[in-house]
$ cat input15.cif   # mmCIF, C-alpha atoms and all ligand atoms
data_entry
#
loop_
_atom_site.group_PDB
_atom_site.id
_atom_site.type_symbol
_atom_site.label_atom_id
_atom_site.label_comp_id
_atom_site.auth_asym_id
_atom_site.auth_seq_id
_atom_site.Cartn_x
_atom_site.Cartn_y
_atom_site.Cartn_z
ATOM 1 C CA MET A 1 7.594 -28.968 -2.757
ATOM 2 C CA SER A 2 5.328 -27.112 -0.360
ATOM 3 C CA THR A 3 7.519 -26.398 2.654
ATOM 4 C CA ARG A 4 8.431 -22.922 1.383
ATOM 5 C CA SER A 5 6.871 -20.186 -0.732
ATOM 6 C CA ILE A 6 7.214 -20.833 -4.442
ATOM 7 C CA GLY A 7 9.399 -18.624 -6.661
ATOM 8 C CA LEU A 8 7.780 -17.260 -9.818
ATOM 9 C CA ASP A 9 9.610 -17.269 -13.140
ATOM 10 C CA ASP A 10 8.120 -15.272 -16.020
ATOM 11 C CA SER A 11 5.927 -18.053 -17.357
ATOM 12 C CA LEU A 12 4.543 -18.996 -13.945
ATOM 13 C CA TYR A 13 3.885 -15.312 -13.195
ATOM 14 C CA ARG A 14 2.015 -14.984 -16.503
ATOM 15 C CA TYR A 15 0.010 -18.081 -15.588
ATOM 16 C CA LEU A 16 -0.888 -16.558 -12.190
ATOM 17 C CA LEU A 17 -2.176 -13.461 -13.953
ATOM 18 C CA THR A 18 -4.038 -15.479 -16.576
ATOM 19 C CA VAL A 19 -5.954 -17.581 -14.079
ATOM 20 C CA SER A 20 -6.606 -14.984 -11.372
ATOM 21 C CA LEU A 21 -6.327 -11.341 -12.441
ATOM 22 C CA ARG A 22 -9.688 -9.628 -12.926
ATOM 23 C CA GLU A 23 -8.427 -6.146 -13.663
ATOM 24 C CA PRO A 24 -11.057 -3.719 -15.000
ATOM 25 C CA ASP A 25 -10.150 -1.915 -18.229
ATOM 26 C CA LEU A 26 -10.085 1.442 -16.410
ATOM 27 C CA PHE A 27 -7.418 0.148 -13.999
ATOM 28 C CA ALA A 28 -5.333 -1.128 -16.932
ATOM 29 C CA ARG A 29 -5.629 2.284 -18.587
ATOM 30 C CA LEU A 30 -4.282 3.963 -15.444
ATOM 31 C CA ARG A 31 -1.303 1.599 -15.564
ATOM 32 C CA GLN A 32 -0.797 2.534 -19.222
ATOM 33 C CA ALA A 33 -0.963 6.223 -18.332
ATOM 34 C CA THR A 34 1.845 5.633 -15.826
ATOM 35 C CA GLU A 35 4.092 3.187 -17.652
ATOM 36 C CA ASN A 36 6.165 5.737 -19.574
ATOM 37 C CA MET A 37 6.937 7.831 -16.504
ATOM 38 C CA PRO A 38 10.510 7.419 -15.185
ATOM 39 C CA GLU A 39 9.022 6.535 -11.768
ATOM 40 C CA ALA A 40 6.596 3.911 -13.155
ATOM 41 C CA GLY A 41 8.263 1.148 -11.107
ATOM 42 C CA MET A 42 6.796 2.682 -7.948
ATOM 43 C CA GLN A 43 3.296 1.543 -8.882
ATOM 44 C CA ILE A 44 1.951 -1.584 -7.217
ATOM 45 C CA SER A 45 1.293 -4.623 -9.388
ATOM 46 C CA PRO A 46 -2.288 -5.359 -10.487
ATOM 47 C CA GLU A 47 -2.434 -8.643 -8.577
ATOM 48 C CA GLN A 48 -1.385 -6.776 -5.424
ATOM 49 C CA GLY A 49 -4.180 -4.279 -6.033
ATOM 50 C CA GLN A 50 -6.645 -7.140 -6.349
ATOM 51 C CA PHE A 51 -5.241 -8.766 -3.189
ATOM 52 C CA MET A 52 -5.645 -5.535 -1.238
ATOM 53 C CA GLN A 53 -9.223 -5.248 -2.474
ATOM 54 C CA LEU A 54 -9.881 -8.700 -1.073
ATOM 55 C CA LEU A 55 -8.361 -7.710 2.291
ATOM 56 C CA VAL A 56 -10.424 -4.532 2.461
ATOM 57 C CA LYS A 57 -13.592 -6.500 1.726
ATOM 58 C CA LEU A 58 -12.694 -9.287 4.173
ATOM 59 C CA ILE A 59 -12.372 -6.886 7.089
ATOM 60 C CA GLY A 60 -15.398 -4.833 5.996
ATOM 61 C CA ALA A 61 -13.294 -1.676 5.881
ATOM 62 C CA ARG A 62 -15.024 1.697 5.624
ATOM 63 C CA LYS A 63 -12.365 4.189 6.784
ATOM 64 C CA THR A 64 -8.966 3.687 5.159
ATOM 65 C CA LEU A 65 -5.593 5.391 4.902
ATOM 66 C CA GLU A 66 -2.935 5.423 2.226
ATOM 67 C CA ILE A 67 0.579 6.777 2.673
ATOM 68 C CA GLY A 68 2.089 7.112 -0.813
ATOM 69 C CA THR A 69 -0.415 7.536 -3.641
ATOM 70 C CA PHE A 70 1.747 8.262 -6.725
ATOM 71 C CA THR A 71 -0.540 8.118 -9.796
ATOM 72 C CA GLY A 72 -3.385 6.655 -7.827
ATOM 73 C CA TYR A 73 -3.562 2.960 -8.723
ATOM 74 C CA SER A 74 -3.708 1.560 -5.176
ATOM 75 C CA ALA A 75 -6.122 4.334 -4.183
ATOM 76 C CA LEU A 76 -8.358 3.435 -7.134
ATOM 77 C CA ALA A 77 -8.247 -0.245 -6.176
ATOM 78 C CA VAL A 78 -9.085 0.328 -2.511
ATOM 79 C CA ALA A 79 -11.681 3.082 -3.033
ATOM 80 C CA SER A 80 -13.495 0.929 -5.621
ATOM 81 C CA VAL A 81 -14.354 -1.716 -3.046
ATOM 82 C CA LEU A 82 -15.305 0.614 -0.204
ATOM 83 C CA PRO A 83 -18.997 1.038 0.588
ATOM 84 C CA GLU A 84 -20.740 4.195 -0.677
ATOM 85 C CA ASP A 85 -20.021 6.012 2.596
ATOM 86 C CA GLY A 86 -16.433 4.711 2.710
ATOM 87 C CA LYS A 87 -13.391 7.033 2.803
ATOM 88 C CA LEU A 88 -9.754 6.838 1.821
ATOM 89 C CA VAL A 89 -7.409 9.496 3.153
ATOM 90 C CA ALA A 90 -4.638 9.452 0.531
ATOM 91 C CA CYS A 91 -1.345 11.143 1.489
ATOM 92 C CA ASP A 92 1.343 12.210 -0.967
ATOM 93 C CA VAL A 93 3.750 15.118 -1.426
ATOM 94 C CA SER A 94 3.289 15.350 -5.176
ATOM 95 C CA GLU A 95 0.532 17.231 -7.010
ATOM 96 C CA THR A 96 2.166 16.150 -10.266
ATOM 97 C CA PHE A 97 1.956 12.411 -9.596
ATOM 98 C CA THR A 98 -1.495 12.436 -8.026
ATOM 99 C CA SER A 99 -2.992 14.587 -10.795
ATOM 100 C CA VAL A 100 -2.417 11.677 -13.200
ATOM 101 C CA GLY A 101 -4.806 9.495 -11.212
ATOM 102 C CA GLN A 102 -7.568 11.952 -10.459
ATOM 103 C CA PRO A 103 -9.396 11.680 -13.828
ATOM 104 C CA PHE A 104 -9.430 7.899 -13.385
ATOM 105 C CA TRP A 105 -10.869 8.243 -9.860
ATOM 106 C CA LYS A 106 -13.600 10.459 -11.327
ATOM 107 C CA GLU A 107 -14.332 8.059 -14.174
ATOM 108 C CA ALA A 108 -14.583 5.177 -11.695
ATOM 109 C CA GLY A 109 -17.018 7.197 -9.584
ATOM 110 C CA VAL A 110 -14.789 7.004 -6.507
ATOM 111 C CA ALA A 111 -13.352 10.548 -6.403
ATOM 112 C CA GLY A 112 -15.855 11.490 -3.693
ATOM 113 C CA LYS A 113 -14.501 8.752 -1.439
ATOM 114 C CA ILE A 114 -10.885 9.929 -1.721
ATOM 115 C CA ASP A 115 -9.636 12.731 0.526
ATOM 116 C CA LEU A 116 -6.242 13.615 -0.997
ATOM 117 C CA ARG A 117 -3.836 15.309 1.406
ATOM 118 C CA ILE A 118 -0.848 16.902 -0.326
ATOM 119 C CA GLY A 119 2.123 17.389 1.998
ATOM 120 C CA PRO A 120 4.559 15.368 4.080
ATOM 121 C CA ALA A 121 2.603 12.308 5.225
ATOM 122 C CA VAL A 122 3.907 12.536 8.798
ATOM 123 C CA ASP A 123 2.192 15.939 9.057
ATOM 124 C CA SER A 124 -1.031 14.630 7.472
ATOM 125 C CA LEU A 125 -1.155 11.696 9.884
ATOM 126 C CA ASP A 126 -0.361 13.951 12.849
ATOM 127 C CA SER A 127 -3.227 16.202 11.869
ATOM 128 C CA LEU A 128 -5.632 13.235 11.803
ATOM 129 C CA LEU A 129 -4.419 12.296 15.291
ATOM 130 C CA ALA A 130 -4.779 15.882 16.480
ATOM 131 C CA ASN A 131 -8.375 15.820 15.177
ATOM 132 C CA GLY A 132 -9.298 12.927 17.455
ATOM 133 C CA GLN A 133 -9.237 10.185 14.807
ATOM 134 C CA GLU A 134 -7.254 7.730 16.906
ATOM 135 C CA ALA A 135 -8.412 4.081 16.592
ATOM 136 C CA SER A 136 -11.008 4.965 13.937
ATOM 137 C CA TYR A 137 -9.500 3.541 10.721
ATOM 138 C CA ASP A 138 -10.009 -0.017 9.504
ATOM 139 C CA PHE A 139 -7.142 -0.298 7.042
ATOM 140 C CA ALA A 140 -3.882 1.498 6.244
ATOM 141 C CA PHE A 141 -1.490 1.013 3.336
ATOM 142 C CA ILE A 142 2.083 2.278 3.782
ATOM 143 C CA ASP A 143 3.907 2.830 0.480
ATOM 144 C CA ALA A 144 5.854 6.125 0.611
ATOM 145 C CA ASP A 145 9.471 7.102 1.392
ATOM 146 C CA LYS A 146 11.175 4.207 3.138
ATOM 147 C CA THR A 147 13.205 6.220 5.656
ATOM 148 C CA ASN A 148 9.944 7.353 7.254
ATOM 149 C CA TYR A 149 8.397 3.864 7.367
ATOM 150 C CA ALA A 150 8.862 3.496 11.137
ATOM 151 C CA SER A 151 7.171 6.890 11.722
ATOM 152 C CA TYR A 152 4.278 5.938 9.432
ATOM 153 C CA TYR A 153 3.872 2.561 11.118
ATOM 154 C CA GLU A 154 3.687 4.045 14.637
ATOM 155 C CA ARG A 155 1.162 6.651 13.539
ATOM 156 C CA CYS A 156 -0.944 4.121 11.643
ATOM 157 C CA LEU A 157 -0.933 1.852 14.665
ATOM 158 C CA LYS A 158 -2.543 4.690 16.614
ATOM 159 C CA LEU A 159 -5.028 5.556 13.865
ATOM 160 C CA VAL A 160 -6.169 1.989 13.154
ATOM 161 C CA ARG A 161 -8.803 0.390 15.377
ATOM 162 C CA PRO A 162 -8.160 -2.839 17.278
ATOM 163 C CA GLY A 163 -8.629 -5.623 14.705
ATOM 164 C CA GLY A 164 -7.722 -3.211 11.885
ATOM 165 C CA LEU A 165 -5.042 -3.968 9.337
ATOM 166 C CA ILE A 166 -1.831 -2.207 8.305
ATOM 167 C CA ALA A 167 -0.273 -3.310 4.997
ATOM 168 C CA ILE A 168 3.353 -2.284 4.452
ATOM 169 C CA ASP A 169 4.772 -2.414 0.938
ATOM 170 C CA ASN A 170 8.273 -3.135 -0.417
ATOM 171 C CA VAL A 171 9.416 -5.060 2.640
ATOM 172 C CA LEU A 172 11.652 -7.306 0.484
ATOM 173 C CA TRP A 173 12.933 -4.244 -1.434
ATOM 174 C CA GLY A 174 13.801 -6.085 -4.627
ATOM 175 C CA GLY A 175 15.918 -8.526 -2.610
ATOM 176 C CA SER A 176 18.211 -5.776 -1.278
ATOM 177 C CA VAL A 177 17.291 -6.602 2.310
ATOM 178 C CA VAL A 178 19.616 -9.633 2.079
ATOM 179 C CA ASN A 179 22.381 -7.910 0.116
ATOM 180 C CA GLU A 180 25.059 -7.196 2.728
ATOM 181 C CA ASP A 181 26.722 -4.716 0.375
ATOM 182 C CA ASP A 182 23.581 -2.587 0.250
ATOM 183 C CA ASN A 183 23.521 -0.275 3.216
ATOM 184 C CA SER A 184 21.602 2.589 1.673
ATOM 185 C CA ASP A 185 19.319 4.595 3.953
ATOM 186 C CA ASP A 186 16.228 3.039 2.326
ATOM 187 C CA THR A 187 17.460 -0.529 2.683
ATOM 188 C CA ARG A 188 18.532 -0.021 6.294
ATOM 189 C CA ALA A 189 15.153 1.559 7.129
ATOM 190 C CA ILE A 190 13.254 -1.401 5.696
ATOM 191 C CA ARG A 191 15.487 -3.952 7.448
ATOM 192 C CA ALA A 192 15.055 -2.062 10.724
ATOM 193 C CA LEU A 193 11.262 -1.947 10.486
ATOM 194 C CA ASN A 194 11.099 -5.635 9.497
ATOM 195 C CA ALA A 195 13.116 -6.489 12.626
ATOM 196 C CA VAL A 196 10.843 -4.368 14.828
ATOM 197 C CA LEU A 197 7.702 -5.933 13.351
ATOM 198 C CA LYS A 198 8.946 -9.466 14.012
ATOM 199 C CA GLU A 199 9.011 -8.731 17.762
ATOM 200 C CA ASP A 200 6.041 -6.371 17.950
ATOM 201 C CA THR A 201 3.448 -8.075 20.133
ATOM 202 C CA ARG A 202 0.935 -5.290 19.423
ATOM 203 C CA VAL A 203 0.199 -6.894 16.042
ATOM 204 C CA ASP A 204 -0.459 -10.250 14.404
ATOM 205 C CA LEU A 205 1.953 -10.601 11.510
ATOM 206 C CA SER A 206 2.488 -12.130 8.096
ATOM 207 C CA LEU A 207 4.925 -11.171 5.330
ATOM 208 C CA VAL A 208 3.257 -12.041 2.044
ATOM 209 C CA PRO A 209 5.646 -12.462 -0.937
ATOM 210 C CA ILE A 210 3.399 -10.636 -3.392
ATOM 211 C CA GLY A 211 4.755 -7.737 -5.447
ATOM 212 C CA ASP A 212 7.875 -6.465 -3.672
ATOM 213 C CA GLY A 213 6.801 -8.070 -0.373
ATOM 214 C CA LEU A 214 3.770 -6.941 1.596
ATOM 215 C CA THR A 215 3.703 -7.218 5.376
ATOM 216 C CA LEU A 216 0.283 -7.494 6.971
ATOM 217 C CA ALA A 217 0.096 -6.334 10.582
ATOM 218 C CA ARG A 218 -3.257 -6.714 12.330
ATOM 219 C CA LYS A 219 -3.634 -4.547 15.414
ATOM 220 C CA CYS A 220 -4.412 -6.803 18.352
ATOM 221 C CA THR A 221 -7.430 -6.063 20.482
HETATM 222 C C1 LIG A 301 5.879 3.887 -4.195
HETATM 223 S S1 LIG A 301 5.031 5.360 -4.597
HETATM 224 C C2 LIG A 301 3.365 4.949 -4.197
HETATM 225 C C3 LIG A 301 2.743 4.007 -5.198
HETATM 226 C C4 LIG A 301 1.245 3.920 -5.111
HETATM 227 N N1 LIG A 301 0.804 3.323 -3.875
HETATM 228 C C5 LIG A 301 0.640 3.188 -6.300
HETATM 229 O O1 LIG A 301 -0.127 2.244 -6.131
HETATM 230 O O2 LIG A 301 0.939 3.555 -7.438
HETATM 231 C C6 LIG A 301 5.568 6.418 -3.309
HETATM 232 C C7 LIG A 301 4.906 7.789 -3.237
HETATM 233 O O3 LIG A 301 5.280 8.383 -1.990
HETATM 234 C C8 LIG A 301 5.334 9.777 -2.166
HETATM 235 N N2 LIG A 301 6.145 10.346 -1.081
HETATM 236 C C9 LIG A 301 7.497 10.367 -0.952
HETATM 237 N N3 LIG A 301 7.850 10.981 0.177
HETATM 238 C C10 LIG A 301 6.701 11.344 0.800
HETATM 239 C C11 LIG A 301 6.402 12.007 2.016
HETATM 240 N N4 LIG A 301 7.373 12.417 2.865
HETATM 241 N N5 LIG A 301 5.107 12.218 2.337
HETATM 242 C C12 LIG A 301 4.104 11.805 1.503
HETATM 243 N N6 LIG A 301 4.334 11.163 0.339
HETATM 244 C C13 LIG A 301 5.611 10.937 -0.003
HETATM 245 C C14 LIG A 301 5.919 9.971 -3.552
HETATM 246 O O4 LIG A 301 5.558 11.247 -4.070
HETATM 247 C C15 LIG A 301 5.313 8.791 -4.321
HETATM 248 O O5 LIG A 301 4.185 9.212 -5.038
#

$ encode --input "input15.cif" --output "structure tokens"
Amino acid sequence: MSTRSIGLDDSLYRYLLTVSLREPDLFARLRQATENMPEAGMQISPEQGQFMQLLVKLIGARKTLEIGTFTGYSALAVASVLPEDGKLVACDVSETFTSVGQPFWKEAGVAGKIDLRIGPAVDSLDSLLANGQEASYDFAFIDADKTNYASYYERCLKLVRPGGLIAIDNVLWGGSVVNEDDNSDDTRAIRALNAVLKEDTRVDLSLVPIGDGLTLARKCT
């Protein structure tokens, strides 16, 4: 019964939401504003947003990073639990996607905490490193293009302080990671990073089966 993680059918998933999700109305409205977009499936689930809020609070994060913002749900979740002087550097290539979220950030009163960087995230992260921000971030969330995951991870590992946390999304990739017939670039990139993380002694590690799979990597001191 308890020697492996439980699978969730629809009714058990609904139960999980019923007894634990505390999603503010504003957050639900941002999900509604996204749900008819063809790319809506890219958004994180509300329970994952709530879980990430808990992580951010647990580690007392103040300076945070996000790679892959889309319409801004995860940014809204994280920024909402940062202290008044907290910051989230949010990286995305798309003005179109991120403009959907900005009115919700304003309404939540967190727009001032979010520093949106439009452009390839590798460049945005490199510019933070070039500006002497190494080892200064408490938390990073990686959720952009999968073929760059390894590049994002290495840069985040430099930018996060010892004891800081990197959360990497989609590490189970809808189950494709175990489909031998799926050798797409995205799937191979995720499998490759998962294999690297397993052996990476620079971090403490746990793969949490929430959403599409979320790996937590804590930078060792
Ligand atoms: C899975 S979505 C992010 C979902 C978001 N975290 C949320 O909670 O809704 C991935 C995002 O990565 C962005 N993206 C793709 N390639 C990128 C790149 N090279 N640099 C920065 N962002 C990129 C896309 O525009 C898209 O908005």

$ residues_near_point --input "input15.cif" --point "(-2.4, 4.2, 12.9)" --cutoff "8 Å" --atoms "only C-alpha atoms" --output "PyMOL selection string"
chain A and resi 134-135+137+140+152-161+166

$ resolve_selection --input "input15.cif" --expression "the PyMOL selection byres (((not hetatm)) within 9 of (chain A and resi 301))" --output "MDAnalysis selection string"
chainID A and resid 31 34 39:45 49 66:77 91:98 117:124 141:148 169:170

$ resolve_selection --input "input15.cif" --expression "the PyMOL selection byres (((chain A and resi 187-193) around 7) and not hetatm)" --output "VMD selection string"
chain A and resid 146 to 147 150 171 176 to 177 182 to 186 194 to 197

$ atom_distance --input "input15.cif" --atom1 "atom CA of A:Leu30" --atom2 "atom CA of A:Ala61"
23.8 Å

$ residues_near_point --input "input15.cif" --point "(-10.8, 6.0, -3.0)" --cutoff "9 Å" --atoms "only C-alpha atoms" --output "PyMOL selection string"
chain A and resi 64+72+74-82+86-90+105+110-115
